[in-house]
file upload21.json (JSON, C-alpha atoms)
[["chain", "number", "residue", "atom", "x", "y", "z"],
["A", 215, "ASP", "CA", 0.00, 0.00, 0.00],
["A", 216, "GLY", "CA", 1.16, 3.55, -0.69],
["A", 217, "GLY", "CA", 1.93, 5.70, 2.29],
["A", 218, "ILE", "CA", 4.38, 7.63, 4.40],
["A", 219, "THR", "CA", 6.73, 5.84, 6.78],
["A", 220, "GLN", "CA", 8.38, 7.60, 9.67],
["A", 221, "SER", "CA", 11.00, 5.97, 11.84],
["A", 222, "PRO", "CA", 11.69, 5.47, 14.61],
["A", 223, "LYS", "CA", 8.37, 5.81, 16.44],
["A", 224, "TYR", "CA", 10.16, 6.83, 19.65],
["A", 225, "LEU", "CA", 13.56, 8.48, 19.89],
["A", 226, "PHE", "CA", 15.65, 9.65, 22.80],
["A", 227, "ARG", "CA", 18.34, 12.28, 22.58],
["A", 228, "LYS", "CA", 21.15, 13.11, 24.93],
["A", 229, "GLU", "CA", 22.22, 16.67, 25.55],
["A", 230, "GLY", "CA", 24.50, 17.98, 22.78],
["A", 231, "GLN", "CA", 23.59, 15.19, 20.39],
["A", 232, "ASN", "CA", 22.24, 15.45, 16.86],
["A", 233, "VAL", "CA", 19.52, 12.99, 15.86],
["A", 234, "THR", "CA", 17.96, 12.28, 12.47],
["A", 235, "LEU", "CA", 14.32, 11.39, 11.90],
["A", 236, "SER", "CA", 13.51, 9.40, 8.80],
["A", 237, "CYS", "CA", 10.58, 10.03, 6.43],
["A", 238, "GLU", "CA", 9.97, 7.95, 3.31],
["A", 239, "GLN", "CA", 6.97, 8.10, 0.96],
["A", 240, "ASN", "CA", 5.96, 5.90, -1.96],
["A", 241, "LEU", "CA", 3.04, 8.07, -3.09],
["A", 242, "ASN", "CA", 5.12, 9.72, -5.84],
["A", 243, "HIS", "CA", 4.39, 13.09, -4.25],
["A", 244, "ASP", "CA", 6.50, 16.09, -5.20],
["A", 245, "ALA", "CA", 6.16, 18.05, -1.98],
["A", 246, "MET", "CA", 7.18, 16.96, 1.52],
["A", 247, "TYR", "CA", 6.85, 18.71, 4.88],
["A", 248, "TRP", "CA", 8.03, 18.46, 8.47],
["A", 249, "TYR", "CA", 5.87, 19.66, 11.35],
["A", 250, "ARG", "CA", 6.33, 19.82, 15.06],
["A", 251, "GLN", "CA", 3.40, 19.33, 17.46],
["A", 252, "ASP", "CA", 3.51, 20.28, 21.14],
["A", 253, "PRO", "CA", 0.76, 19.44, 23.66],
["A", 254, "GLY", "CA", -2.23, 21.74, 23.26],
["A", 255, "GLN", "CA", -0.77, 23.40, 20.19],
["A", 256, "GLY", "CA", -1.33, 23.11, 16.50],
["A", 257, "LEU", "CA", 1.16, 21.78, 14.00],
["A", 258, "ARG", "CA", 3.99, 24.18, 13.22],
["A", 259, "LEU", "CA", 5.93, 23.97, 9.95],
["A", 260, "ILE", "CA", 9.67, 23.36, 10.28],
["A", 261, "TYR", "CA", 10.83, 22.82, 6.69],
["A", 262, "TYR", "CA", 9.22, 21.95, 3.38],
["A", 263, "SER", "CA", 10.43, 20.83, -0.02],
["A", 264, "GLN", "CA", 8.56, 21.17, -3.30],
["A", 265, "ILE", "CA", 11.07, 19.35, -5.46],
["A", 266, "VAL", "CA", 14.21, 17.25, -5.20],
["A", 267, "ASN", "CA", 17.35, 19.19, -4.16],
["A", 268, "ASP", "CA", 15.32, 22.17, -3.01],
["A", 269, "PHE", "CA", 13.79, 23.07, 0.36],
["A", 270, "GLN", "CA", 12.60, 26.13, 2.26],
["A", 271, "LYS", "CA", 12.45, 27.12, 5.90],
["A", 272, "GLY", "CA", 9.09, 27.06, 7.60],
["A", 273, "ASP", "CA", 8.06, 29.03, 10.67],
["A", 274, "ILE", "CA", 10.39, 27.35, 13.21],
["A", 275, "ALA", "CA", 13.46, 26.17, 11.27],
["A", 276, "GLU", "CA", 16.10, 27.20, 13.82],
["A", 277, "GLY", "CA", 17.96, 24.21, 15.23],
["A", 278, "TYR", "CA", 16.82, 21.88, 12.45],
["A", 279, "SER", "CA", 18.22, 20.83, 9.08],
["A", 280, "VAL", "CA", 16.89, 18.77, 6.16],
["A", 281, "SER", "CA", 17.96, 17.32, 2.84],
["A", 282, "ARG", "CA", 16.02, 16.18, -0.23],
["A", 283, "GLU", "CA", 18.36, 14.10, -2.34],
["A", 284, "LYS", "CA", 15.63, 11.71, -3.49],
["A", 285, "LYS", "CA", 11.96, 12.30, -4.23],
["A", 286, "GLU", "CA", 10.95, 9.60, -1.76],
["A", 287, "SER", "CA", 13.00, 10.75, 1.21],
["A", 288, "PHE", "CA", 13.05, 13.87, 3.39],
["A", 289, "PRO", "CA", 15.07, 13.28, 6.59],
["A", 290, "LEU", "CA", 15.02, 15.82, 9.41],
["A", 291, "THR", "CA", 18.03, 16.37, 11.68],
["A", 292, "VAL", "CA", 17.40, 17.86, 15.10],
["A", 293, "THR", "CA", 20.68, 19.51, 16.02],
["A", 294, "SER", "CA", 22.11, 20.33, 19.43],
["A", 295, "ALA", "CA", 21.22, 23.97, 18.70],
["A", 296, "GLN", "CA", 17.53, 23.10, 19.18],
["A", 297, "LYS", "CA", 17.17, 23.77, 22.89],
["A", 298, "ASN", "CA", 13.69, 22.37, 23.35],
["A", 299, "PRO", "CA", 13.43, 19.38, 21.02],
["A", 300, "THR", "CA", 10.93, 17.31, 23.00],
["A", 301, "ALA", "CA", 7.86, 17.08, 20.76],
["A", 302, "PHE", "CA", 5.87, 14.94, 18.35],
["A", 303, "TYR", "CA", 7.29, 15.26, 14.82],
["A", 304, "LEU", "CA", 5.08, 14.67, 11.80],
["A", 305, "CYS", "CA", 6.12, 14.28, 8.19],
["A", 306, "ALA", "CA", 3.65, 14.89, 5.36],
["A", 307, "SER", "CA", 3.56, 14.83, 1.59],
["A", 308, "SER", "CA", 1.29, 16.08, -1.17],
["A", 309, "ASN", "CA", 1.08, 16.72, -4.89],
["A", 310, "PRO", "CA", 0.04, 20.37, -5.01],
["A", 311, "GLY", "CA", 1.04, 20.80, -8.64],
["A", 312, "GLN", "CA", -1.50, 18.23, -9.75],
["A", 313, "GLY", "CA", -4.23, 20.84, -9.92],
["A", 314, "GLY", "CA", -7.02, 21.41, -7.51],
["A", 315, "PHE", "CA", -6.13, 21.35, -3.88],
["A", 316, "GLN", "CA", -4.55, 18.11, -2.86],
["A", 317, "PRO", "CA", -4.56, 17.33, 0.87],
["A", 318, "GLN", "CA", -1.40, 16.60, 2.72],
["A", 319, "HIS", "CA", -1.02, 12.99, 3.87],
["A", 320, "PHE", "CA", 0.75, 12.37, 7.16],
["A", 321, "GLY", "CA", 3.04, 9.71, 8.55],
["A", 322, "ASP", "CA", 2.47, 8.19, 12.01],
["A", 323, "GLY", "CA", 4.96, 10.52, 13.66],
["A", 324, "THR", "CA", 8.11, 10.26, 15.77],
["A", 325, "ARG", "CA", 8.03, 11.18, 19.44],
["A", 326, "LEU", "CA", 11.37, 12.69, 20.49],
["A", 327, "SER", "CA", 12.37, 12.99, 24.14],
["A", 328, "ILE", "CA", 15.45, 14.28, 25.94],
["A", 329, "LEU", "CA", 17.32, 11.97, 28.32],
["B", 8, "GLY", "CA", 0.61, 37.43, 11.42],
["B", 9, "GLN", "CA", -1.64, 34.49, 10.89],
["B", 10, "ASN", "CA", -4.40, 33.78, 13.38],
["B", 11, "ILE", "CA", -6.62, 30.71, 13.44],
["B", 12, "ASP", "CA", -8.97, 30.21, 16.39],
["B", 13, "GLN", "CA", -11.02, 27.20, 17.41],
["B", 14, "PRO", "CA", -12.42, 26.12, 20.79],
["B", 15, "THR", "CA", -10.13, 24.02, 22.95],
["B", 16, "GLU", "CA", -12.61, 21.33, 23.90],
["B", 17, "MET", "CA", -16.20, 20.26, 23.31],
["B", 18, "THR", "CA", -18.22, 17.48, 24.89],
["B", 19, "ALA", "CA", -21.26, 15.81, 23.35],
["B", 20, "THR", "CA", -23.34, 12.69, 23.79],
["B", 21, "GLU", "CA", -23.27, 9.66, 21.51],
["B", 22, "GLY", "CA", -25.80, 10.10, 18.70],
["B", 23, "ALA", "CA", -25.88, 13.88, 19.02],
["B", 24, "ILE", "CA", -24.56, 16.61, 16.70],
["B", 25, "VAL", "CA", -21.55, 18.82, 17.38],
["B", 26, "GLN", "CA", -20.44, 21.91, 15.48],
["B", 27, "ILE", "CA", -16.79, 22.98, 15.69],
["B", 28, "ASN", "CA", -16.19, 26.59, 14.68],
["B", 29, "CYS", "CA", -13.01, 27.98, 13.21],
["B", 30, "THR", "CA", -12.29, 31.65, 12.57],
["B", 31, "TYR", "CA", -9.24, 32.85, 10.72],
["B", 32, "GLN", "CA", -7.38, 36.06, 9.92],
["B", 33, "THR", "CA", -4.64, 35.27, 7.45],
["B", 34, "SER", "CA", -2.69, 36.99, 4.70],
["B", 35, "GLY", "CA", -3.74, 35.11, 1.62],
["B", 36, "PHE", "CA", -6.29, 32.32, 1.45],
["B", 37, "ASN", "CA", -6.30, 29.32, -0.86],
["B", 38, "GLY", "CA", -8.72, 27.06, 0.94],
["B", 39, "LEU", "CA", -9.49, 25.51, 4.32],
["B", 40, "PHE", "CA", -8.92, 21.93, 5.43],
["B", 41, "TRP", "CA", -10.25, 19.91, 8.35],
["B", 42, "TYR", "CA", -8.27, 17.01, 9.78],
["B", 43, "GLN", "CA", -9.07, 14.47, 12.49],
["B", 44, "GLN", "CA", -6.31, 13.37, 14.85],
["B", 45, "HIS", "CA", -6.61, 10.62, 17.44],
["B", 46, "ALA", "CA", -4.17, 10.86, 20.36],
["B", 47, "GLY", "CA", -0.64, 9.91, 19.36],
["B", 48, "GLU", "CA", -1.60, 9.27, 15.76],
["B", 49, "ALA", "CA", -1.28, 11.00, 12.40],
["B", 50, "PRO", "CA", -3.88, 13.56, 11.31],
["B", 51, "THR", "CA", -6.24, 12.22, 8.66],
["B", 52, "PHE", "CA", -7.92, 14.39, 6.04],
["B", 53, "LEU", "CA", -11.66, 14.99, 6.48],
["B", 54, "SER", "CA", -12.73, 17.82, 4.20],
["B", 55, "TYR", "CA", -11.70, 20.79, 2.13],
["B", 56, "ASN", "CA", -13.51, 24.05, 1.23],
["B", 57, "VAL", "CA", -12.32, 26.72, -1.16],
["B", 58, "LEU", "CA", -15.65, 28.30, -2.18],
["B", 59, "ASP", "CA", -18.38, 29.54, 0.13],
["B", 60, "GLY", "CA", -20.97, 27.01, 1.13],
["B", 61, "LEU", "CA", -21.49, 23.59, 2.56],
["B", 62, "GLU", "CA", -19.63, 20.42, 1.62],
["B", 63, "GLU", "CA", -21.22, 17.20, 2.84],
["B", 64, "LYS", "CA", -19.43, 13.91, 3.20],
["B", 65, "GLY", "CA", -21.41, 11.27, 5.03],
["B", 66, "ARG", "CA", -21.76, 12.14, 8.72],
["B", 67, "PHE", "CA", -19.32, 15.05, 8.36],
["B", 68, "SER", "CA", -20.07, 18.42, 6.74],
["B", 69, "SER", "CA", -17.94, 21.52, 6.46],
["B", 70, "PHE", "CA", -19.01, 25.09, 5.78],
["B", 71, "LEU", "CA", -17.02, 28.11, 4.65],
["B", 72, "SER", "CA", -17.71, 31.86, 4.55],
["B", 73, "ARG", "CA", -14.70, 33.65, 3.11],
["B", 74, "SER", "CA", -16.11, 37.13, 3.72],
["B", 75, "LYS", "CA", -16.47, 36.35, 7.42],
["B", 76, "GLY", "CA", -13.25, 34.35, 7.76],
["B", 77, "TYR", "CA", -15.31, 31.53, 9.24],
["B", 78, "SER", "CA", -15.70, 27.81, 8.85],
["B", 79, "TYR", "CA", -17.35, 25.04, 10.81],
["B", 80, "LEU", "CA", -17.18, 21.27, 10.87],
["B", 81, "LEU", "CA", -20.44, 19.50, 11.67],
["B", 82, "LEU", "CA", -20.34, 15.99, 13.06],
["B", 83, "LYS", "CA", -23.69, 14.17, 13.02],
["B", 84, "GLU", "CA", -24.79, 10.94, 14.70],
["B", 85, "LEU", "CA", -21.77, 11.04, 16.96],
["B", 86, "GLN", "CA", -20.02, 7.76, 17.70],
["B", 87, "MET", "CA", -17.53, 6.97, 20.46],
["B", 88, "LYS", "CA", -14.79, 6.63, 17.85],
["B", 89, "ASP", "CA", -15.31, 10.30, 16.92],
["B", 90, "SER", "CA", -13.56, 11.28, 20.17],
["B", 91, "ALA", "CA", -10.47, 12.99, 18.77],
["B", 92, "SER", "CA", -8.87, 16.34, 18.08],
["B", 93, "TYR", "CA", -10.16, 18.22, 15.03],
["B", 94, "LEU", "CA", -7.71, 20.52, 13.32],
["B", 95, "CYS", "CA", -8.66, 23.50, 11.18],
["B", 96, "ALA", "CA", -5.96, 24.47, 8.67],
["B", 97, "VAL", "CA", -5.83, 27.35, 6.20],
["B", 98, "LEU", "CA", -3.88, 26.99, 2.96],
["B", 99, "LEU", "CA", -1.97, 30.24, 2.64],
["B", 100, "ARG", "CA", -1.21, 31.66, -0.76],
["B", 101, "THR", "CA", 2.51, 32.37, -1.12],
["B", 102, "THR", "CA", 4.70, 33.77, -3.90],
["B", 103, "ASP", "CA", 7.40, 31.13, -3.59],
["B", 104, "SER", "CA", 5.42, 27.93, -3.21],
["B", 105, "TRP", "CA", 2.19, 26.20, -4.02],
["B", 106, "GLY", "CA", 0.97, 27.18, -0.60],
["B", 107, "LYS", "CA", 1.59, 26.39, 3.06],
["B", 108, "LEU", "CA", -0.84, 25.06, 5.64],
["B", 109, "GLN", "CA", -1.34, 27.09, 8.81],
["B", 110, "PHE", "CA", -2.97, 25.04, 11.57],
["B", 111, "GLY", "CA", -5.19, 26.01, 14.45],
["B", 112, "ALA", "CA", -4.48, 24.49, 17.87],
["B", 113, "GLY", "CA", -7.21, 21.88, 17.44],
["B", 114, "THR", "CA", -10.51, 21.17, 19.20],
["B", 115, "GLN", "CA", -10.66, 18.10, 21.44],
["B", 116, "VAL", "CA", -14.08, 16.47, 21.06],
["B", 117, "VAL", "CA", -15.13, 14.13, 23.84],
["B", 118, "VAL", "CA", -18.06, 11.83, 23.10],
["B", 119, "THR", "CA", -19.81, 10.44, 26.16],
["B", 120, "PRO", "CA", -22.19, 7.42, 26.30]]
call {"tool": "encode", "arguments": {"input": "upload21.json", "output": "structure tokens"}}
result
Amino acid sequence: DGGITQSPKYLFRKEGQNVTLSCEQNLNHDAMYWYRQDPGQGLRLIYYSQIVNDFQKGDIAEGYSVSREKKESFPLTVTSAQKNPTAFYLCASSNPGQGGFQPQHFGDGTRLSIL
Amino acid sequence: GQNIDQPTEMTATEGAIVQINCTYQTSGFNGLFWYQQHAGEAPTFLSYNVLDGLEEKGRFSSFLSRSKGYSYLLLKELQMKDSASYLCAVLLRTTDSWGKLQFGAGTQVVVTP
């Protein structure tokens, strides 16, 4: 079945450590997105990519980095510069260029905690 | 800035109807989406409105008034499985992309027996 796979489901980070969250999609979608969700808050956009080898900062990009070397993959690195990384991270994809308004489809998320 | 408001929590009885309101003040508007999110899970797409009026999809309906910056999601014949958070999201028109979603904080709906 087509879908978006995020791994791992749970991740723990030590102080000063970088960690990378994986996101893979087999929906043949052009655009991919990373969101952060904190308790009682809506989803906030970290980074997004509309095409391979291109990406843009979202509203809260500081302390994060991404790459888009393949259409299917959009990994997110949470760097040590992100001082409050504990959150639920969601990856999404869509095909906005297809015409009409295509909804974003989400992965099951990765819950990151600090040790 | 972008502002999207929806109530924090609503409680309703099984079999009843609940209406979740969403008001928005955003720079640029390309449509409004509603998502359902169960605790600890991914949001799933429910509905989309770009023109004024009502869109009906089974037990769920969504309404949009662009002039008032207002939308609602109507859930009919509530079932226990409808207990979830409902997210309102505005698709913002941008000059450098196909558009970005701006989410409200979500409304937690609690369905009681």
call {"tool": "atom_distance", "arguments": {"input": "upload21.json", "atom1": "atom CA of Gln115 of chain B", "atom2": "atom CA of Phe320 of chain A"}}
result
19.2 Å
call {"tool": "closest_residue", "arguments": {"input": "upload21.json", "among": "B:Thr114, B:Glu84, B:Ile27, B:Ala91", "to": "Gly65 of chain B", "atoms": "only C-alpha atoms"}}
result
B:Glu84
call {"tool": "atom_distance", "arguments": {"input": "upload21.json", "atom1": "atom CA of Arg227 of chain A", "atom2": "atom CA of Ser279 of chain A"}}
result
16.0 Å
call {"tool": "closest_atom_pairs", "arguments": {"input": "upload21.json", "of": "chain A", "to": "chain B", "cutoff": "6 Å", "atoms": "all atoms listed in the file", "output": "JSON lines"}}
result
{"residue": "A:Gln255", "atom": "CA", "partner": "B:Ala112", "partner_atom": "CA", "distance": 4.5}
{"residue": "A:Gly256", "atom": "CA", "partner": "B:Ala112", "partner_atom": "CA", "distance": 3.7}
{"residue": "A:Leu257", "atom": "CA", "partner": "B:Phe110", "partner_atom": "CA", "distance": 5.8}
{"residue": "A:Phe320", "atom": "CA", "partner": "B:Ala49", "partner_atom": "CA", "distance": 5.8}
{"residue": "A:Gly321", "atom": "CA", "partner": "B:Ala49", "partner_atom": "CA", "distance": 5.9}
{"residue": "A:Asp322", "atom": "CA", "partner": "B:Ala49", "partner_atom": "CA", "distance": 4.7}
call {"tool": "residues_around", "arguments": {"input": "upload21.json", "residues": "Ala19 of chain B", "least_positions_apart": "4", "cutoff": "12 Å", "atoms": "only C-alpha atoms", "output": "VMD selection string"}}
result
chain B and resid 23 to 27 82 to 87 89 to 90 115 to 120
call {"tool": "residues_around", "arguments": {"input": "upload21.json", "residues": "Leu225 of chain A", "least_positions_apart": "4", "cutoff": "8 Å", "atoms": "all atoms listed in the file", "output": "ChimeraX atom specification"}}
result
/A:324-327
call {"tool": "closest_residue", "arguments": {"input": "upload21.json", "among": "B:Gly35, B:Ser92, B:His45, B:Thr30", "to": "Tyr77 of chain B", "atoms": "all atoms listed in the file"}}
result
B:Thr30
call {"tool": "closest_residue", "arguments": {"input": "upload21.json", "among": "A:Lys297, A:Lys271, A:Lys284, A:Lys223", "to": "Tyr247 of chain A", "atoms": "all atoms listed in the file"}}
result
A:Lys271
call {"tool": "atom_distance", "arguments": {"input": "upload21.json", "atom1": "atom CA of Tyr93 of chain B", "atom2": "atom CA of Phe67 of chain B"}}
result
11.8 Å
call {"tool": "residues_around", "arguments": {"input": "upload21.json", "residues": "Phe70 of chain B", "least_positions_apart": "5", "cutoff": "7 Å", "atoms": "only C-alpha atoms", "output": "list of chain:residue names"}}
result
B:Gly60, B:Leu61, B:Glu62, B:Ser78, B:Tyr79, B:Leu80
call {"tool": "residues_around", "arguments": {"input": "upload21.json", "residues": "Trp248 of chain A", "least_positions_apart": "4", "cutoff": "7 Å", "atoms": "all atoms listed in the file", "output": "PyMOL selection string"}}
result
chain A and resi 259-262+304-306
call {"tool": "closest_residue", "arguments": {"input": "upload21.json", "among": "A:Glu283, A:Glu229, A:Asp273, A:Glu238", "to": "Ala295 of chain A", "atoms": "all atoms listed in the file"}}
result
A:Glu229
call {"tool": "residues_near_point", "arguments": {"input": "upload21.json", "point": "(6.5, 20.1, -1.8)", "cutoff": "7 Å", "atoms": "all atoms listed in the file", "output": "ChimeraX atom specification"}}
result
/A:244-247,262-265,307-308
call {"tool": "write_last_selection", "arguments": {"input": "upload21.json", "atoms": "C-alpha atoms", "output": "PDB file, in the frame of the given file"}}
result
ATOM      1  CA  ASP A 244       6.500  16.090  -5.200  1.00  0.00           C
ATOM      2  CA  ALA A 245       6.160  18.050  -1.980  1.00  0.00           C
ATOM      3  CA  MET A 246       7.180  16.960   1.520  1.00  0.00           C
ATOM      4  CA  TYR A 247       6.850  18.710   4.880  1.00  0.00           C
ATOM      5  CA  TYR A 262       9.220  21.950   3.380  1.00  0.00           C
ATOM      6  CA  SER A 263      10.430  20.830  -0.020  1.00  0.00           C
ATOM      7  CA  GLN A 264       8.560  21.170  -3.300  1.00  0.00           C
ATOM      8  CA  ILE A 265      11.070  19.350  -5.460  1.00  0.00           C
ATOM      9  CA  SER A 307       3.560  14.830   1.590  1.00  0.00           C
ATOM     10  CA  SER A 308       1.290  16.080  -1.170  1.00  0.00           C
TER      11      SER A 308
END
call {"tool": "axis_aligned_box", "arguments": {"input": "upload21.json", "around": "segment 315-323 of chain A", "padding_each_side": "6 Å", "output": "lines of an AutoDock Vina configuration file"}}
result
center_x = -0.6
center_y = 14.8
center_z = 4.9
size_x = 23.1
size_y = 25.2
size_z = 29.5
call {"tool": "decode", "arguments": {"input": "upload21.json", "residues": "segment 16-26 of chain B", "atoms": "all heavy atoms", "output": "PDB file, in the first residue's frame"}}
result
ATOM      1  N   GLU B  16     -11.983  22.620  23.639  1.00  0.00           N
ATOM      2  CA  GLU B  16     -12.610  21.328  23.904  1.00  0.00           C
ATOM      3  C   GLU B  16     -14.126  21.437  23.806  1.00  0.00           C
ATOM      4  O   GLU B  16     -14.705  22.468  24.124  1.00  0.00           O
ATOM      5  CB  GLU B  16     -12.223  20.828  25.302  1.00  0.00           C
ATOM      6  CG  GLU B  16     -12.731  19.436  25.640  1.00  0.00           C
ATOM      7  CD  GLU B  16     -12.162  18.887  26.942  1.00  0.00           C
ATOM      8  OE1 GLU B  16     -10.943  19.018  27.147  1.00  0.00           O
ATOM      9  OE2 GLU B  16     -12.935  18.327  27.735  1.00  0.00           O
ATOM     10  N   MET B  17     -14.749  20.349  23.349  1.00  0.00           N
ATOM     11  CA  MET B  17     -16.203  20.262  23.306  1.00  0.00           C
ATOM     12  C   MET B  17     -16.603  18.861  23.738  1.00  0.00           C
ATOM     13  O   MET B  17     -15.905  17.887  23.392  1.00  0.00           O
ATOM     14  CB  MET B  17     -16.735  20.545  21.898  1.00  0.00           C
ATOM     15  CG  MET B  17     -16.313  21.899  21.338  1.00  0.00           C
ATOM     16  SD  MET B  17     -16.981  22.235  19.706  1.00  0.00           S
ATOM     17  CE  MET B  17     -18.685  22.570  20.096  1.00  0.00           C
ATOM     18  N   THR B  18     -17.716  18.775  24.441  1.00  0.00           N
ATOM     19  CA  THR B  18     -18.223  17.476  24.889  1.00  0.00           C
ATOM     20  C   THR B  18     -19.628  17.290  24.364  1.00  0.00           C
ATOM     21  O   THR B  18     -20.432  18.228  24.373  1.00  0.00           O
ATOM     22  CB  THR B  18     -18.217  17.398  26.429  1.00  0.00           C
ATOM     23  OG1 THR B  18     -16.885  17.588  26.903  1.00  0.00           O
ATOM     24  CG2 THR B  18     -18.716  16.045  26.907  1.00  0.00           C
ATOM     25  N   ALA B  19     -19.921  16.095  23.876  1.00  0.00           N
ATOM     26  CA  ALA B  19     -21.259  15.809  23.352  1.00  0.00           C
ATOM     27  C   ALA B  19     -21.578  14.345  23.610  1.00  0.00           C
ATOM     28  O   ALA B  19     -20.681  13.521  23.849  1.00  0.00           O
ATOM     29  CB  ALA B  19     -21.329  16.128  21.856  1.00  0.00           C
ATOM     30  N   THR B  20     -22.868  14.044  23.511  1.00  0.00           N
ATOM     31  CA  THR B  20     -23.342  12.687  23.789  1.00  0.00           C
ATOM     32  C   THR B  20     -23.394  11.868  22.506  1.00  0.00           C
ATOM     33  O   THR B  20     -23.647  12.393  21.421  1.00  0.00           O
ATOM     34  CB  THR B  20     -24.746  12.750  24.412  1.00  0.00           C
ATOM     35  OG1 THR B  20     -24.708  13.625  25.537  1.00  0.00           O
ATOM     36  CG2 THR B  20     -25.213  11.374  24.862  1.00  0.00           C
ATOM     37  N   GLU B  21     -23.167  10.592  22.645  1.00  0.00           N
ATOM     38  CA  GLU B  21     -23.267   9.662  21.512  1.00  0.00           C
ATOM     39  C   GLU B  21     -24.620   9.830  20.816  1.00  0.00           C
ATOM     40  O   GLU B  21     -25.655   9.938  21.482  1.00  0.00           O
ATOM     41  CB  GLU B  21     -23.144   8.236  22.047  1.00  0.00           C
ATOM     42  CG  GLU B  21     -22.814   7.191  21.008  1.00  0.00           C
ATOM     43  CD  GLU B  21     -22.545   5.823  21.644  1.00  0.00           C
ATOM     44  OE1 GLU B  21     -22.793   5.666  22.863  1.00  0.00           O
ATOM     45  OE2 GLU B  21     -22.092   4.931  20.932  1.00  0.00           O
ATOM     46  N   GLY B  22     -24.583   9.929  19.477  1.00  0.00           N
ATOM     47  CA  GLY B  22     -25.799  10.100  18.695  1.00  0.00           C
ATOM     48  C   GLY B  22     -26.183  11.545  18.448  1.00  0.00           C
ATOM     49  O   GLY B  22     -27.044  11.831  17.608  1.00  0.00           O
ATOM     50  N   ALA B  23     -25.558  12.458  19.158  1.00  0.00           N
ATOM     51  CA  ALA B  23     -25.876  13.884  19.023  1.00  0.00           C
ATOM     52  C   ALA B  23     -25.109  14.498  17.861  1.00  0.00           C
ATOM     53  O   ALA B  23     -24.419  13.813  17.101  1.00  0.00           O
ATOM     54  CB  ALA B  23     -25.551  14.606  20.323  1.00  0.00           C
ATOM     55  N   ILE B  24     -25.258  15.836  17.736  1.00  0.00           N
ATOM     56  CA  ILE B  24     -24.562  16.612  16.703  1.00  0.00           C
ATOM     57  C   ILE B  24     -23.622  17.603  17.396  1.00  0.00           C
ATOM     58  O   ILE B  24     -23.998  18.191  18.427  1.00  0.00           O
ATOM     59  CB  ILE B  24     -25.562  17.400  15.837  1.00  0.00           C
ATOM     60  CG1 ILE B  24     -26.498  16.434  15.097  1.00  0.00           C
ATOM     61  CG2 ILE B  24     -24.833  18.295  14.831  1.00  0.00           C
ATOM     62  CD1 ILE B  24     -27.629  17.144  14.353  1.00  0.00           C
ATOM     63  N   VAL B  25     -22.451  17.803  16.846  1.00  0.00           N
ATOM     64  CA  VAL B  25     -21.550  18.816  17.381  1.00  0.00           C
ATOM     65  C   VAL B  25     -21.027  19.680  16.235  1.00  0.00           C
ATOM     66  O   VAL B  25     -20.756  19.178  15.142  1.00  0.00           O
ATOM     67  CB  VAL B  25     -20.388  18.171  18.184  1.00  0.00           C
ATOM     68  CG1 VAL B  25     -19.423  17.433  17.270  1.00  0.00           C
ATOM     69  CG2 VAL B  25     -19.643  19.221  18.987  1.00  0.00           C
ATOM     70  N   GLN B  26     -20.941  20.969  16.486  1.00  0.00           N
ATOM     71  CA  GLN B  26     -20.436  21.912  15.482  1.00  0.00           C
ATOM     72  C   GLN B  26     -19.168  22.556  16.009  1.00  0.00           C
ATOM     73  O   GLN B  26     -19.178  23.201  17.065  1.00  0.00           O
ATOM     74  CB  GLN B  26     -21.485  22.994  15.186  1.00  0.00           C
ATOM     75  CG  GLN B  26     -21.000  24.049  14.197  1.00  0.00           C
ATOM     76  CD  GLN B  26     -22.081  25.038  13.818  1.00  0.00           C
ATOM     77  OE1 GLN B  26     -23.222  24.662  13.510  1.00  0.00           O
ATOM     78  NE2 GLN B  26     -21.756  26.316  13.818  1.00  0.00           N
TER      79      GLN B  26
END
